[in-house]
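Engineer: Provided below: input-v6.tsv, containing TSV, C-alpha atoms.
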```tsv
chain	number	residue	atom	x	y	z
A	372	MET	CA	0.00	0.00	0.00
A	373	LEU	CA	2.80	2.40	0.98
A	374	PHE	CA	4.63	1.59	-2.28
A	375	ARG	CA	1.48	2.34	-4.29
A	376	VAL	CA	1.06	5.72	-2.56
A	377	PHE	CA	4.72	6.56	-3.24
A	378	CYS	CA	4.40	5.67	-6.93
A	379	THR	CA	1.25	7.76	-7.28
A	380	ALA	CA	2.92	10.75	-5.61
A	381	PHE	CA	6.00	10.39	-7.82
A	382	LEU	CA	3.97	10.24	-11.03
A	383	LEU	CA	1.88	13.25	-9.97
A	384	SER	CA	5.03	15.24	-9.19
A	385	ALA	CA	6.60	14.35	-12.55
A	386	SER	CA	3.39	15.29	-14.34
A	387	LEU	CA	3.29	18.68	-12.60
A	388	LEU	CA	6.93	19.38	-13.53
A	389	LEU	CA	6.27	18.49	-17.17
A	390	SER	CA	3.13	20.60	-17.23
A	391	ALA	CA	5.06	23.54	-15.75
A	392	GLN	CA	7.67	23.33	-18.48
A	393	GLU	CA	5.07	22.98	-21.23
A	394	SER	CA	3.21	26.05	-19.92
A	395	THR	CA	6.40	28.15	-19.67
A	396	PRO	CA	6.61	30.62	-22.60
A	397	THR	CA	9.37	29.50	-24.94
A	398	ARG	CA	11.36	31.57	-27.41
A	399	TYR	CA	13.11	29.99	-30.36
A	400	VAL	CA	16.37	31.06	-32.00
A	401	GLU	CA	17.73	29.71	-35.30
A	402	ALA	CA	20.94	27.83	-34.49
A	403	SER	CA	22.76	29.09	-37.59
A	404	GLY	CA	22.80	32.54	-35.98
A	405	LEU	CA	24.95	31.13	-33.16
A	406	THR	CA	28.46	29.64	-33.43
A	407	LEU	CA	28.75	26.72	-35.86
A	408	VAL	CA	31.75	24.57	-34.98
A	409	GLY	CA	33.43	22.48	-37.67
A	410	LYS	CA	32.58	24.46	-40.82
A	411	LEU	CA	34.96	23.73	-43.70
A	412	MET	CA	33.67	26.70	-45.69
A	413	GLU	CA	30.78	29.09	-46.10
A	414	THR	CA	27.78	27.44	-47.78
A	415	SER	CA	24.41	28.70	-49.00
A	416	ASN	CA	22.73	26.40	-46.47
A	417	PRO	CA	24.64	26.94	-43.21
A	418	TYR	CA	24.18	23.31	-42.17
A	419	TRP	CA	25.94	21.91	-45.26
A	420	ARG	CA	29.60	20.93	-45.11
A	421	VAL	CA	30.50	21.55	-48.77
A	422	ASP	CA	29.03	23.98	-51.29
A	423	THR	CA	28.16	21.56	-54.10
A	424	ALA	CA	27.27	24.45	-56.41
A	425	ARG	CA	30.91	25.51	-56.25
A	426	PHE	CA	32.65	22.13	-56.21
A	427	LYS	CA	31.85	19.70	-59.02
A	428	GLY	CA	32.38	15.99	-59.48
A	429	PHE	CA	30.36	14.71	-56.54
A	430	SER	CA	27.94	11.88	-57.28
A	431	THR	CA	24.31	12.15	-56.17
A	432	THR	CA	25.10	10.05	-53.09
A	433	GLU	CA	28.16	12.14	-52.24
A	434	SER	CA	26.23	15.39	-52.72
A	435	ASN	CA	23.59	14.14	-50.31
A	436	GLN	CA	26.28	13.21	-47.81
A	437	VAL	CA	28.13	16.53	-47.82
A	438	ARG	CA	24.83	18.37	-47.40
A	439	CYS	CA	24.36	16.53	-44.10
A	440	GLY	CA	25.91	18.17	-41.04
A	441	ALA	CA	27.83	15.14	-39.77
A	442	GLY	CA	30.37	16.34	-37.21
A	443	LEU	CA	29.11	19.93	-37.11
A	444	ALA	CA	28.03	21.36	-33.77
A	445	VAL	CA	26.34	24.49	-32.41
A	446	ALA	CA	28.15	26.25	-29.53
A	447	PHE	CA	26.04	28.47	-27.24
A	448	ARG	CA	25.44	29.66	-23.68
A	449	THR	CA	22.15	29.59	-21.82
A	450	ASP	CA	20.74	29.79	-18.31
A	451	SER	CA	17.40	28.33	-19.34
A	452	PRO	CA	16.16	25.43	-17.18
A	453	PHE	CA	15.35	23.52	-20.38
A	454	ILE	CA	16.48	23.35	-24.00
A	455	ASN	CA	13.99	22.40	-26.68
A	456	LEU	CA	14.44	21.87	-30.39
A	457	ARG	CA	12.31	22.03	-33.51
A	458	ILE	CA	13.56	21.49	-37.04
A	459	GLN	CA	12.85	21.34	-40.76
A	460	ARG	CA	14.70	18.67	-42.68
A	461	ARG	CA	14.92	16.46	-45.70
A	462	PRO	CA	13.97	12.82	-44.98
A	463	SER	CA	16.88	11.09	-43.29
A	464	TYR	CA	18.89	8.10	-44.44
A	465	LEU	CA	18.74	5.48	-41.70
A	466	GLY	CA	21.73	3.18	-41.91
A	467	ILE	CA	21.31	-0.49	-41.02
A	468	SER	CA	23.92	-0.42	-38.27
A	469	THR	CA	23.44	3.20	-37.11
A	470	THR	CA	20.82	4.30	-34.58
A	471	THR	CA	18.07	6.76	-35.43
A	472	ILE	CA	19.51	9.17	-32.85
A	473	ALA	CA	22.83	9.23	-34.72
A	474	SER	CA	21.30	9.35	-38.20
A	475	ALA	CA	18.48	11.80	-37.56
A	476	GLY	CA	18.90	13.06	-34.01
A	477	PHE	CA	20.79	15.66	-31.99
A	478	ASP	CA	23.34	15.18	-29.24
A	479	LEU	CA	23.87	17.76	-26.46
A	480	TYR	CA	26.99	18.21	-24.33
A	481	ILE	CA	27.51	20.70	-21.49
A	482	ARG	CA	30.92	21.78	-20.21
A	483	GLU	CA	31.79	21.03	-16.60
A	484	GLY	CA	35.24	22.41	-15.80
A	485	LYS	CA	37.59	21.12	-18.49
A	486	HIS	CA	35.29	18.33	-19.64
A	487	TRP	CA	32.33	18.07	-21.99
A	488	ILE	CA	29.61	15.96	-20.36
A	489	TRP	CA	26.70	14.35	-22.19
A	490	ALA	CA	23.45	16.13	-21.30
A	491	GLY	CA	20.72	14.84	-23.60
A	492	ASP	CA	19.62	13.84	-27.08
A	493	VAL	CA	16.48	13.86	-29.17
A	494	ALA	CA	15.29	12.44	-32.49
A	495	PHE	CA	12.13	13.28	-34.40
A	496	LYS	CA	9.67	10.92	-36.03
A	497	PRO	CA	8.73	11.78	-39.64
A	498	GLY	CA	6.00	14.41	-39.67
A	499	GLN	CA	6.73	15.56	-36.11
A	500	GLU	CA	9.69	17.84	-36.80
A	501	SER	CA	7.72	21.02	-36.01
A	502	ASP	CA	6.68	19.63	-32.62
A	503	PRO	CA	9.22	20.69	-29.97
A	504	GLY	CA	11.54	17.95	-28.76
A	505	THR	CA	13.31	18.29	-25.43
A	506	LEU	CA	17.09	17.87	-25.17
A	507	VAL	CA	17.30	18.52	-21.42
A	508	ARG	CA	14.93	19.77	-18.73
A	509	ASP	CA	14.86	20.71	-15.03
A	510	MET	CA	18.32	22.31	-14.91
A	511	ASP	CA	19.14	24.67	-12.04
A	512	GLY	CA	19.15	27.91	-14.04
A	513	SER	CA	22.89	28.56	-13.86
A	514	MET	CA	24.71	29.66	-17.03
A	515	ARG	CA	25.78	26.65	-19.11
A	516	GLU	CA	28.18	26.33	-22.05
A	517	CYS	CA	26.65	23.92	-24.55
A	518	LEU	CA	27.66	21.99	-27.65
A	519	LEU	CA	24.93	20.49	-29.83
A	520	TYR	CA	26.02	17.94	-32.48
A	521	LEU	CA	23.93	17.72	-35.65
A	522	PRO	CA	22.66	14.42	-37.14
A	523	ILE	CA	25.04	12.50	-39.40
A	524	HIS	CA	22.58	11.43	-42.13
A	525	THR	CA	20.13	14.35	-42.25
A	526	GLU	CA	20.07	17.50	-44.36
A	527	LEU	CA	18.68	20.34	-42.26
A	528	TYR	CA	16.80	23.36	-43.56
A	529	SER	CA	16.16	24.88	-40.14
A	530	CYS	CA	17.21	24.10	-36.57
A	531	GLU	CA	15.67	26.20	-33.80
A	532	LEU	CA	16.74	26.10	-30.16
A	533	GLY	CA	13.98	26.78	-27.63
A	534	VAL	CA	14.62	28.26	-24.18
A	535	ALA	CA	12.48	29.78	-21.47
A	536	ALA	CA	11.33	33.29	-22.29
A	537	GLY	CA	13.44	35.82	-20.39
A	538	SER	CA	16.46	33.50	-20.20
A	539	THR	CA	19.77	34.05	-21.98
A	540	LEU	CA	20.63	32.28	-25.21
A	541	GLU	CA	23.74	33.55	-26.96
A	542	SER	CA	26.69	32.45	-29.06
A	543	LEU	CA	29.60	30.80	-27.33
A	544	GLU	CA	32.97	31.64	-28.82
A	545	ASN	CA	34.41	28.56	-30.53
A	546	PRO	CA	35.72	26.52	-27.57
A	547	PHE	CA	38.29	24.74	-29.77
A	548	ARG	CA	41.58	26.01	-31.16
A	549	HIS	CA	43.36	25.78	-34.53
A	550	SER	CA	41.71	24.02	-37.50
A	551	ILE	CA	42.37	20.35	-38.25
A	552	VAL	CA	40.60	18.74	-41.22
A	553	PHE	CA	39.48	15.12	-40.63
A	554	SER	CA	38.23	13.40	-43.76
A	555	GLY	CA	37.63	9.91	-45.02
A	556	SER	CA	35.27	6.97	-45.02
A	557	SER	CA	32.18	5.90	-43.10
A	558	PHE	CA	34.49	5.51	-40.10
A	559	THR	CA	35.17	9.25	-40.12
A	560	HIS	CA	31.50	9.92	-40.97
A	561	GLY	CA	30.42	8.17	-37.76
A	562	SER	CA	28.58	5.13	-39.12
A	563	SER	CA	27.40	2.69	-36.42
A	564	THR	CA	27.62	5.25	-33.64
A	565	SER	CA	24.73	5.54	-31.20
A	566	ARG	CA	24.81	9.36	-31.13
A	567	PRO	CA	26.28	12.07	-33.41
A	568	GLY	CA	28.85	13.11	-30.82
A	569	MET	CA	30.40	9.64	-30.64
A	570	SER	CA	32.29	9.68	-33.97
A	571	TYR	CA	36.03	9.42	-33.41
A	572	PRO	CA	36.72	12.96	-34.80
A	573	ALA	CA	34.12	14.43	-32.39
A	574	GLN	CA	35.63	12.52	-29.47
A	575	PHE	CA	39.13	13.61	-30.53
A	576	GLU	CA	37.95	17.24	-30.58
A	577	ARG	CA	36.46	17.11	-27.08
A	578	HIS	CA	39.45	15.26	-25.63
A	579	THR	CA	42.16	17.47	-27.14
A	580	GLY	CA	40.51	20.88	-27.52
A	581	LEU	CA	41.60	20.99	-31.18
A	582	HIS	CA	39.03	22.28	-33.66
A	583	VAL	CA	38.04	19.52	-36.10
A	584	LEU	CA	36.70	20.33	-39.58
A	585	PRO	CA	34.94	17.06	-40.50
A	586	LEU	CA	34.25	15.59	-43.93
A	587	GLY	CA	33.59	11.90	-43.52
A	588	CYS	CA	31.48	10.30	-46.28
A	589	GLY	CA	30.28	6.72	-45.99
A	590	GLY	CA	31.50	4.50	-48.84
A	591	ASN	CA	33.79	7.27	-50.05
A	592	GLY	CA	37.08	8.83	-49.01
A	593	ARG	CA	38.87	7.00	-51.83
A	594	LEU	CA	41.34	9.74	-52.78
A	595	GLN	CA	38.98	11.09	-55.46
A	596	PRO	CA	40.15	14.29	-57.17
A	597	HIS	CA	37.00	16.29	-56.34
A	598	TYR	CA	37.70	15.83	-52.63
A	599	ALA	CA	41.24	17.07	-53.20
A	600	ASP	CA	39.72	20.18	-54.85
A	601	VAL	CA	37.81	20.87	-51.63
A	602	PHE	CA	40.86	20.43	-49.41
A	603	ALA	CA	42.93	22.65	-51.67
A	604	ALA	CA	40.41	25.45	-51.06
A	605	VAL	CA	40.12	25.00	-47.28
A	606	GLU	CA	42.22	26.99	-44.82
A	607	ALA	CA	43.55	24.56	-42.21
A	608	ASP	CA	46.53	24.06	-39.91
A	609	ALA	CA	46.74	20.32	-40.60
A	610	PHE	CA	44.98	17.47	-42.42
A	611	VAL	CA	44.18	14.00	-41.06
A	612	PHE	CA	43.04	11.56	-43.73
A	613	ASP	CA	41.30	8.19	-43.47
A	614	GLN	CA	41.65	7.57	-47.21
A	615	PHE	CA	42.71	3.91	-47.33
A	616	SER	CA	39.61	2.26	-45.81
A	617	ASN	CA	37.33	2.13	-48.87
A	618	GLY	CA	39.61	2.20	-51.89
A	619	SER	CA	40.78	-0.90	-53.77
A	620	PRO	CA	44.51	-1.56	-54.18
A	621	GLU	CA	44.16	-0.36	-57.77
A	622	SER	CA	42.43	2.91	-56.86
A	623	ILE	CA	45.00	3.63	-54.16
A	624	ARG	CA	47.84	3.23	-56.66
A	625	ARG	CA	46.01	5.36	-59.23
A	626	ASN	CA	44.70	8.16	-57.03
A	627	PHE	CA	47.16	8.60	-54.18
A	628	PHE	CA	49.92	10.72	-55.65
A	629	PRO	CA	47.66	13.07	-57.70
A	630	PHE	CA	45.53	13.57	-54.58
A	631	LEU	CA	48.55	14.33	-52.40
A	632	GLU	CA	50.15	16.60	-54.98
A	633	LYS	CA	47.00	18.73	-55.29
A	634	VAL	CA	46.61	19.15	-51.53
A	635	ARG	CA	50.32	19.83	-51.04
A	636	ALA	CA	50.47	22.44	-53.81
A	637	ALA	CA	47.76	24.43	-52.03
A	638	HIS	CA	49.24	23.95	-48.54
A	639	PRO	CA	53.05	23.97	-48.62
A	640	GLY	CA	54.65	22.98	-45.33
A	641	VAL	CA	51.35	22.00	-43.67
A	642	PRO	CA	51.35	18.58	-41.93
A	643	ILE	CA	49.36	15.97	-43.85
A	644	ILE	CA	48.69	12.87	-41.76
A	645	PHE	CA	47.35	9.66	-43.29
A	646	GLN	CA	45.84	6.90	-41.17
A	647	ARG	CA	46.38	3.25	-41.97
A	648	THR	CA	43.00	1.54	-41.99
A	649	ILE	CA	41.95	-0.38	-38.90
A	650	ARG	CA	41.75	-4.13	-38.52
A	651	ARG	CA	38.23	-5.46	-39.24
A	652	GLU	CA	36.49	-8.34	-37.52
A	653	ASN	CA	34.90	-9.53	-40.79
A	654	GLY	CA	38.19	-11.22	-41.63
A	655	ASN	CA	38.20	-13.48	-38.58
A	656	PHE	CA	36.88	-16.45	-40.59
A	657	ASP	CA	36.24	-15.02	-44.07
A	658	THR	CA	39.58	-15.67	-45.76
A	659	VAL	CA	38.74	-13.64	-48.88
A	660	ALA	CA	37.86	-10.55	-46.82
A	661	ARG	CA	41.02	-10.99	-44.77
A	662	GLU	CA	43.28	-11.23	-47.83
A	663	ARG	CA	41.59	-8.25	-49.48
A	664	GLU	CA	42.27	-6.08	-46.44
A	665	LEU	CA	45.87	-7.27	-46.19
A	666	GLU	CA	46.51	-6.44	-49.85
A	667	LYS	CA	44.98	-2.99	-49.45
A	668	LYS	CA	47.14	-2.28	-46.41
A	669	ALA	CA	50.26	-3.45	-48.22
A	670	VAL	CA	49.61	-1.07	-51.11
A	671	ALA	CA	48.89	1.81	-48.73
A	672	ASP	CA	52.11	1.06	-46.86
A	673	SER	CA	54.09	1.11	-50.11
A	674	VAL	CA	52.78	4.45	-51.39
A	675	MET	CA	53.18	6.03	-47.97
A	676	LYS	CA	56.81	4.90	-47.78
A	677	ILE	CA	57.50	6.75	-51.04
A	678	ALA	CA	55.50	9.83	-50.00
A	679	MET	CA	57.27	10.21	-46.66
A	680	ALA	CA	60.66	9.87	-48.33
A	681	GLN	CA	59.76	12.67	-50.72
A	682	ASP	CA	57.92	15.02	-48.35
A	683	PRO	CA	59.06	15.61	-44.74
A	684	ASP	CA	55.62	17.00	-43.81
A	685	VAL	CA	53.71	13.81	-44.69
A	686	TYR	CA	53.06	11.31	-41.87
A	687	TYR	CA	51.56	7.84	-41.46
A	688	ILE	CA	49.94	6.65	-38.22
A	689	GLN	CA	48.19	3.47	-37.14
A	690	PRO	CA	44.81	3.85	-35.39
A	691	CYS	CA	43.43	1.06	-33.22
A	692	ALA	CA	39.73	0.49	-32.56
A	693	SER	CA	40.13	-2.80	-30.67
A	694	ASP	CA	41.21	-3.82	-27.20
A	695	GLY	CA	41.96	-7.39	-28.32
A	696	SER	CA	38.63	-8.75	-27.08
A	697	HIS	CA	36.86	-8.92	-30.50
A	698	GLU	CA	33.90	-7.19	-28.79
A	699	TRP	CA	34.34	-3.69	-30.22
A	700	THR	CA	32.46	-3.93	-33.52
A	701	VAL	CA	28.82	-3.48	-34.61
A	702	ASP	CA	28.81	-5.28	-37.96
A	703	GLY	CA	32.30	-6.69	-38.48
A	704	THR	CA	33.44	-3.52	-40.26
A	705	HIS	CA	32.41	-0.49	-38.20
A	706	PRO	CA	33.37	0.07	-34.57
A	707	SER	CA	30.85	0.56	-31.79
A	708	ASP	CA	30.95	3.68	-29.61
A	709	TYR	CA	33.59	1.92	-27.53
A	710	GLY	CA	35.60	1.07	-30.63
A	711	TYR	CA	35.49	4.70	-31.76
A	712	TYR	CA	36.59	5.75	-28.28
A	713	LEU	CA	39.60	3.44	-28.61
A	714	TRP	CA	40.31	4.84	-32.09
A	715	SER	CA	40.21	8.43	-30.83
A	716	ARG	CA	42.49	7.67	-27.91
A	717	SER	CA	44.93	5.72	-30.07
A	718	ILE	CA	45.63	8.67	-32.39
A	719	GLU	CA	45.75	11.47	-29.82
A	720	LYS	CA	49.39	11.14	-28.80
A	721	PRO	CA	50.86	10.60	-32.27
A	722	ILE	CA	48.86	13.46	-33.80
A	723	LYS	CA	49.64	15.86	-30.95
A	724	ARG	CA	53.31	14.89	-31.17
A	725	ILE	CA	53.35	15.71	-34.89
A	726	LEU	CA	51.43	18.97	-34.48
A	727	ARG	CA	53.80	20.22	-31.77
A	728	ARG	CA	56.56	20.32	-34.39
A	729	TYR	CA	54.53	23.02	-36.14
A	730	GLY	CA	53.66	25.01	-33.02
A	731	ILE	CA	50.12	23.60	-32.94
A	732	ARG	CA	49.23	22.81	-29.35
```
Could you rewrite the structure in this file as structure tokens?
Structural biologist:
Amino acid sequence: MLFRVFCTAFLLSASLLLSAQESTPTRYVEASGLTLVGKLMETSNPYWRVDTARFKGFSTTESNQVRCGAGLAVAFRTDSPFINLRIQRRPSYLGISTTTIASAGFDLYIREGKHWIWAGDVAFKPGQESDPGTLVRDMDGSMRECLLYLPIHTELYSCELGVAAGSTLESLENPFRHSIVFSGSSFTHGSSTSRPGMSYPAQFERHTGLHVLPLGCGGNGRLQPHYADVFAAVEADAFVFDQFSNGSPESIRRNFFPFLEKVRAAHPGVPIIFQRTIRRENGNFDTVARERELEKKAVADSVMKIAMAQDPDVYYIQPCASDGSHEWTVDGTHPSDYGYYLWSRSIEKPIKRILRRYGIR
């Protein structure tokens, strides 16, 4: 009987709190008017990563991918007790191994001291985008520094943040320093993550404080010349490429040196760091898959040996997304959140060591 009374009181209290929030006047601000972290360039739609009217050669699939805001984040300050969201979007692509929250949802972090702490997430069902979704509620009203990651497989037309009327909502100066381009395959895109903020470039950014300019594209990052055109036009302090994960041995041999030469011509003396692709679990028993990956790695190793001998500002590092347990993958190819955490941690020291040589700290 006592337990039943307690449950009834708890549910009534929760209902009153929710009703209080819903009855609180809310003002909405378009997120693009705040600080957008991770922008490679100015684009006609602020939530795109590449201006496809300016850069040609992208396939329909690639154009759709670069118009999604994967890896971009909104930085802002607020003392509102809650943060709501309403959006307008193009229908999302929902990957087989990626959650709806990662593909079509939003991921909120709040800074506590030196650390970014997860605070909430929300995803919208089709047809309900204009209905406010709640990222976090019942905060204490103190001023908070926030970072909101955008969905990885969704093209946004509008993204409005909702706060209590009378509260502060303003831009936060970019909390990250320098500009480091991260580009490559579905790994860099964030495929198989549970939330947008769990891609390895996003984790690297929060852990190191270095500003990441992301351009991961699932199934791509194969050293194609139109990507090199983009990187040649981008202002950056360094480049980190995951360009050996999707390409065949033949495409690596064909595309690598023209790709590198174009990027280097536009950025003399800038560190260009290539990542060797990770070990995949799909080769544990599939001998064909295992041999294909070994051949691809051998070709990548060979072209990188030549490139590093010719250019002292080209580097080659080995990421690791496994702890040796074979329990880090979602589908035999892509890491889980934990695997991406391991990947991020594995490249921090080698990348920071390289960047220190160029005064990038």
Engineer: For Glu632 of chain A, please output as a list of chain:residue names all residues within 12 Å (counting all atoms listed in the file; exclusion window: fewer than 6 positions along the same chain).
Structural biologist: A:Leu594, A:Pro596, A:Ala599, A:Asp600, A:Phe602, A:Ala603, A:Asn626, A:His638, A:Pro639, A:Ile643, A:Ala678, A:Gln681, A:Asp682, A:Val685
Engineer: Now that the selection is made, can you save its residues with C-alpha atoms as a CSV table (one decimal), in the coordinates of the input?
Structural biologist:
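In the end it all went to result34.csv:
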```
chain,number,residue,atom,x,y,z
A,594,LEU,CA,41.3,9.7,-52.8
A,596,PRO,CA,40.2,14.3,-57.2
A,599,ALA,CA,41.2,17.1,-53.2
A,600,ASP,CA,39.7,20.2,-54.8
A,602,PHE,CA,40.9,20.4,-49.4
A,603,ALA,CA,42.9,22.6,-51.7
A,626,ASN,CA,44.7,8.2,-57.0
A,638,HIS,CA,49.2,24.0,-48.5
A,639,PRO,CA,53.0,24.0,-48.6
A,643,ILE,CA,49.4,16.0,-43.8
A,678,ALA,CA,55.5,9.8,-50.0
A,681,GLN,CA,59.8,12.7,-50.7
A,682,ASP,CA,57.9,15.0,-48.4
A,685,VAL,CA,53.7,13.8,-44.7
```
Engineer: So how many Å separate atom CA of Gly710 of chain A and atom CA of Arg661 of chain A, to one decimal?
Structural biologist: 19.4 Å
Engineer: Taking into account only C-alpha atoms, which residue in the set A:Glu544, A:Asp613, A:Glu531, A:Glu401 is nearest to Asp502 of chain A?
Structural biologist: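 The shortest atom-to-atom distance to Asp502 of chain A comes from A:Glu531.
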Engineer: Within 9 Å of Phe495 of chain A, counting all atoms listed in the file, which residues qualify if same-chain residues fewer than 3 places away don't, as a PyMOL selection string?
Structural biologist: chain A and resi 457-458+471-472+475-476+498-500+502+504
Engineer: Can you work out which one of A:Glu526, A:Glu516, A:Asp702, A:Asp608 has the shortest atom-to-atom distance to Tyr418 of chain A, counting all atoms listed in the file?
Structural biologist: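 Among the listed residues, A:Glu526 lies closest to Tyr418 of chain A.
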Engineer: Measuring atom to atom with all atoms listed in the file, identify which of A:Thr704, A:Gln646, A:Ser717, A:Asn455 is nearest to Thr505 of chain A.
Structural biologist: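 Ranking A:Thr704, A:Gln646, A:Ser717, A:Asn455 by distance to Thr505 of chain A, first place goes to A:Asn455.
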Engineer: May I ask which of the residues A:Thr469, A:Ser556, A:Ser501, A:Thr431 is the closest one to Gly533 of chain A, counting only C-alpha atoms?
Structural biologist: A:Ser501
Engineer: Hey, what's within 7 Å of Pro585 of chain A if we count all atoms listed in the file and toss same-chain stuff fewer than 3 positions away? As a PyMOL selection string, please?
Structural biologist: chain A and resi 409+442+552-554
Engineer: How many Å separate atom CA of Thr539 of chain A from atom CA of Met514 of chain A?
Structural biologist: 8.3 Å
Engineer: Considering all atoms listed in the file, state which residue in the set A:Phe547, A:Phe645, A:Phe453, A:Tyr709 is at the smallest distance from Arg508 of chain A.
Structural biologist: A:Phe453
Engineer: Tell me which residues come within 12 Å of (44.7, -5.3, -50.0), as a list in words, counting all atoms listed in the file in the file's coordinates.
Structural biologist: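 I get Phe615, Ser616, Asn617, Gly618, Ser619, Pro620, Glu621, Ser622, Ile623, Arg624, Arg647, Thr648, Arg650, Val659, Ala660, Arg661, Glu662, Arg663, Glu664, Leu665, Glu666, Lys667, Lys668, Ala669, Val670, Ala671, Asp672 and Ser673 of chain A for the residues within 12 Å of that point.
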Engineer: Which residue gives the smallest distance to Thr449 of chain A among A:Ser513, A:Ser468, A:Ser557, A:Gln574, with all atoms listed in the file counted?
Structural biologist: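 Of all the options, A:Ser513 lies closest to Thr449 of chain A.
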Engineer: Find the residues near segment 718-730 of chain A: any atom within 12 Å, counting all atoms listed in the file, skip ones fewer than 3 places away on the same chain, and give them as a PyMOL selection string.
Structural biologist: chain A and resi 549-551+553+571-572+574-581+608-613+640-647+649+683-692+711-715
Engineer: Can you tell me which residues surround His697 of chain A at a distance of at most 10 Å, considering only C-alpha atoms, apart from same-chain residues fewer than 3 positions away, and format the answer as a PyMOL selection string?
Structural biologist: chain A and resi 651-652+655+693-694+700+703
Engineer: What is the distance, in Å and to one decimal place, between atom CA of Thr406 of chain A and atom CA of Pro546 of chain A?
Structural biologist: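 Spanning atom CA of Thr406 of chain A to atom CA of Pro546 of chain A is a straight-line distance of 9.8 Å.
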Engineer: Please, which residues are within 9 Å of (34.1, 24.8, -43.5) by the file's coordinates, counting only C-alpha atoms, and could they come as an MDAnalysis selection string?
Structural biologist: chainID A and resid 408:414 419:421 584:585 605:606
Engineer: Please determine an axis-aligned box that encloses all atoms of segment 682-698 of chain A listed in the file, with 6 Å added on each side, and express its centre and edge lengths in Å to one decimal as JSON.
Structural biologist:
```
{"center_x": 46.5, "center_y": 4.0, "center_z": -37.7, "size_x": 37.2, "size_y": 37.9, "size_z": 33.3}
```
Engineer: Can you pull segment 667-680 of chain A out of that block with N, CA and C atoms and hand it back as an mmCIF file, in the first residue's frame?
Structural biologist:
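Final file, part-v2.cif:
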```cif
data_model
loop_
_atom_site.group_PDB
_atom_site.id
_atom_site.type_symbol
_atom_site.label_atom_id
_atom_site.label_comp_id
_atom_site.auth_asym_id
_atom_site.auth_seq_id
_atom_site.Cartn_x
_atom_site.Cartn_y
_atom_site.Cartn_z
ATOM 1 N N LYS A 667 45.221 -4.437 -49.473
ATOM 2 C CA LYS A 667 44.980 -2.990 -49.454
ATOM 3 C C LYS A 667 45.963 -2.291 -48.517
ATOM 4 N N LYS A 668 46.194 -2.879 -47.355
ATOM 5 C CA LYS A 668 47.144 -2.281 -46.410
ATOM 6 C C LYS A 668 48.560 -2.298 -46.964
ATOM 7 N N ALA A 669 48.911 -3.357 -47.655
ATOM 8 C CA ALA A 669 50.260 -3.449 -48.219
ATOM 9 C C ALA A 669 50.492 -2.365 -49.270
ATOM 10 N N VAL A 670 49.478 -2.113 -50.105
ATOM 11 C CA VAL A 670 49.606 -1.067 -51.113
ATOM 12 C C VAL A 670 49.678 0.308 -50.454
ATOM 13 N N ALA A 671 48.835 0.532 -49.450
ATOM 14 C CA ALA A 671 48.887 1.809 -48.730
ATOM 15 C C ALA A 671 50.247 2.012 -48.078
ATOM 16 N N ASP A 672 50.784 0.958 -47.481
ATOM 17 C CA ASP A 672 52.111 1.060 -46.858
ATOM 18 C C ASP A 672 53.164 1.437 -47.894
ATOM 19 N N SER A 673 53.063 0.867 -49.084
ATOM 20 C CA SER A 673 54.086 1.106 -50.106
ATOM 21 C C SER A 673 54.040 2.538 -50.632
ATOM 22 N N VAL A 674 52.848 3.074 -50.892
ATOM 23 C CA VAL A 674 52.782 4.449 -51.393
ATOM 24 C C VAL A 674 53.153 5.444 -50.300
ATOM 25 N N MET A 675 52.829 5.121 -49.062
ATOM 26 C CA MET A 675 53.184 6.025 -47.973
ATOM 27 C C MET A 675 54.697 6.045 -47.747
ATOM 28 N N LYS A 676 55.356 4.941 -47.926
ATOM 29 C CA LYS A 676 56.811 4.904 -47.779
ATOM 30 C C LYS A 676 57.469 5.854 -48.778
ATOM 31 N N ILE A 677 56.969 5.848 -50.014
ATOM 32 C CA ILE A 677 57.501 6.749 -51.042
ATOM 33 C C ILE A 677 57.177 8.202 -50.699
ATOM 34 N N ALA A 678 55.923 8.462 -50.292
ATOM 35 C CA ALA A 678 55.495 9.829 -50.004
ATOM 36 C C ALA A 678 56.297 10.437 -48.857
ATOM 37 N N MET A 679 56.535 9.672 -47.803
ATOM 38 C CA MET A 679 57.271 10.208 -46.657
ATOM 39 C C MET A 679 58.738 10.439 -46.990
ATOM 40 N N ALA A 680 59.279 9.644 -47.897
ATOM 41 C CA ALA A 680 60.663 9.868 -48.327
ATOM 42 C C ALA A 680 60.794 11.141 -49.154
#
```
